[in-house]
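What follows is a single structure, written as C-alpha cells, with notes after it.
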Amino acid sequence: MKNDDFEGAKRLVLKAQKLFPELENIAQLLTVCNVHHCAKLKFNGSEMDWYGILQLDRSANMSSIKKQYRKLALLLHPDKNKFAGAEAAFKLIGEANAVLADQTKRSLYDMKTLSKTPHPSNTASTNAGLSKSSQYDTKPAPKLARRIPPAPMQAEQKVLNMIQNLHQSRLL
C-alpha cells in the first residue's frame, strides 16, 4: 500500500477475508483500499469523485450522507486505524463530506459533474459490502497506463505479513 497499489492490496485483503473471516480489522484495511481507489478515479482527470469516496449514489439524501460519513470516519480515524493510508483516507472522506453535506457545494459539484462520469472501474465491487448500490456502469475497466511500474510482489508480501501478524496476535 505504500507503493499506492491499493487495488492490488484490496484483492489480497478480499482473499484474506475469505480465508480467515474471523480476522479483526480486515474491514478497516478494506475501507482504506476502497477510499484510495475511488480517490484515484477522476472526472475528466481533475474533479474528485466525492460520491465514490463516500461510497454513495448520487441520489443519496443528507441523512444517508451523514450516516455513511460517520460509519467511514469510525473505521478510518487515525487513533483507531493504524494501517498505511488510513490518515489520508480519513482526510479524503472529510473533504467529501464537506462538499456533499453542504447543499450549495453539492449542487455546484453535481452541475460540474452531471454530464461526466468517472472511470468505469468504480463499480459496486469497490464498495465491498459497505454500500449496496452504485450509480456507475458495470462494464469492465480498461487497462490503465501506469506512470511507475508497480511492485506487486512487494505490496502483496506486505499485506500478507500484516494479515499474518493480525492472525497471530489474535491467537495469542
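Going by the C-alpha cells order, chains are called A, B, ..., each with residues numbered from 1, while ligands are numbered from 1 in the order shown.
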In range 22-89 of chain A, DSSP helix (DSSP H, G or I) residues written as a ChimeraX atom specification | /A:26-40,50-53,62-76,86-89
Using only C-alpha atoms, determine which residues lie at most 7 Å from range 27-29 of chain A, disregarding the query and same-chain residues fewer than 4 positions distant; provide the list as a list in words.
->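 In the requested format, the answer is Cys33, Leu75, Leu76, Asn81 and Phe83 of chain A.
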Contact residues around Ala98 in chain A with only C-alpha atoms at 12 Å, ignoring same-chain residues under 3 positions, as a ChimeraX atom specification | /A:50-51,54,62,65-66,69,91-95,101-106,109
For the residues in that selection, give me N, CA and C atoms as a short mmCIF file (atom, residue, chain, number, x, y, z; two decimals), in the first residue's frame.
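As a result, part.cif now contains:
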data_model
loop_
_atom_site.label_atom_id
_atom_site.label_comp_id
_atom_site.auth_asym_id
_atom_site.auth_seq_id
_atom_site.Cartn_x
_atom_site.Cartn_y
_atom_site.Cartn_z
N TRP A 50 -16.48 12.46 -5.28
CA TRP A 50 -16.81 12.51 -3.86
C TRP A 50 -17.85 11.46 -3.48
N TYR A 51 -18.78 11.18 -4.38
CA TYR A 51 -19.76 10.13 -4.09
C TYR A 51 -19.07 8.77 -3.98
N LEU A 54 -17.19 8.44 -0.63
CA LEU A 54 -18.09 8.11 0.48
C LEU A 54 -18.91 6.84 0.19
N MET A 62 -29.42 13.67 2.51
CA MET A 62 -28.50 14.21 3.50
C MET A 62 -28.29 13.27 4.69
N ILE A 65 -25.90 10.51 3.66
CA ILE A 65 -24.54 11.05 3.55
C ILE A 65 -23.92 11.15 4.94
N LYS A 66 -24.67 11.71 5.86
CA LYS A 66 -24.19 11.86 7.24
C LYS A 66 -23.90 10.50 7.87
N TYR A 69 -20.79 8.90 6.23
CA TYR A 69 -19.58 9.59 6.67
C TYR A 69 -19.19 9.13 8.08
N LYS A 91 -8.88 11.96 5.78
CA LYS A 91 -8.95 13.33 5.26
C LYS A 91 -9.81 13.39 4.00
N LEU A 92 -9.70 12.38 3.14
CA LEU A 92 -10.48 12.35 1.90
C LEU A 92 -11.98 12.27 2.19
N ILE A 93 -12.37 11.43 3.14
CA ILE A 93 -13.80 11.34 3.43
C ILE A 93 -14.30 12.63 4.10
N GLY A 94 -13.42 13.31 4.83
CA GLY A 94 -13.79 14.61 5.40
C GLY A 94 -14.04 15.64 4.32
N GLU A 95 -13.18 15.66 3.30
CA GLU A 95 -13.38 16.58 2.18
C GLU A 95 -14.66 16.24 1.42
N ALA A 101 -22.29 17.39 2.08
CA ALA A 101 -23.20 17.75 3.17
C ALA A 101 -23.69 19.19 3.06
N ASP A 102 -22.98 20.03 2.33
CA ASP A 102 -23.37 21.42 2.11
C ASP A 102 -24.18 21.47 0.81
N GLN A 103 -25.45 21.81 0.90
CA GLN A 103 -26.33 21.76 -0.27
C GLN A 103 -25.84 22.63 -1.42
N THR A 104 -25.28 23.81 -1.13
CA THR A 104 -24.78 24.69 -2.18
C THR A 104 -23.58 24.08 -2.89
N LYS A 105 -22.61 23.60 -2.11
CA LYS A 105 -21.43 22.97 -2.70
C LYS A 105 -21.81 21.71 -3.47
N ARG A 106 -22.75 20.96 -2.93
CA ARG A 106 -23.17 19.73 -3.61
C ARG A 106 -23.84 20.04 -4.95
N TYR A 109 -21.16 21.02 -7.40
CA TYR A 109 -20.41 19.81 -7.78
C TYR A 109 -21.24 18.95 -8.74
#
Top pick for closest residue to Ala96 in chain A, considering A:Leu23, A:Val35, A:Leu14, A:Leu114 and counting only C-alpha atoms =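 The closest residue to Ala96 in chain A is A:Val35.
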Of the listed residues A:Leu30, A:Met111, A:Leu41, A:Leu100, that which approaches Asp57 in chain A most closely, counting only C-alpha atoms = A:Leu100
Ala39 in chain A environment, 7 Å, only C-alpha atoms, sequence neighbours closer than 2 positions dropped, as a count of residues only | 7
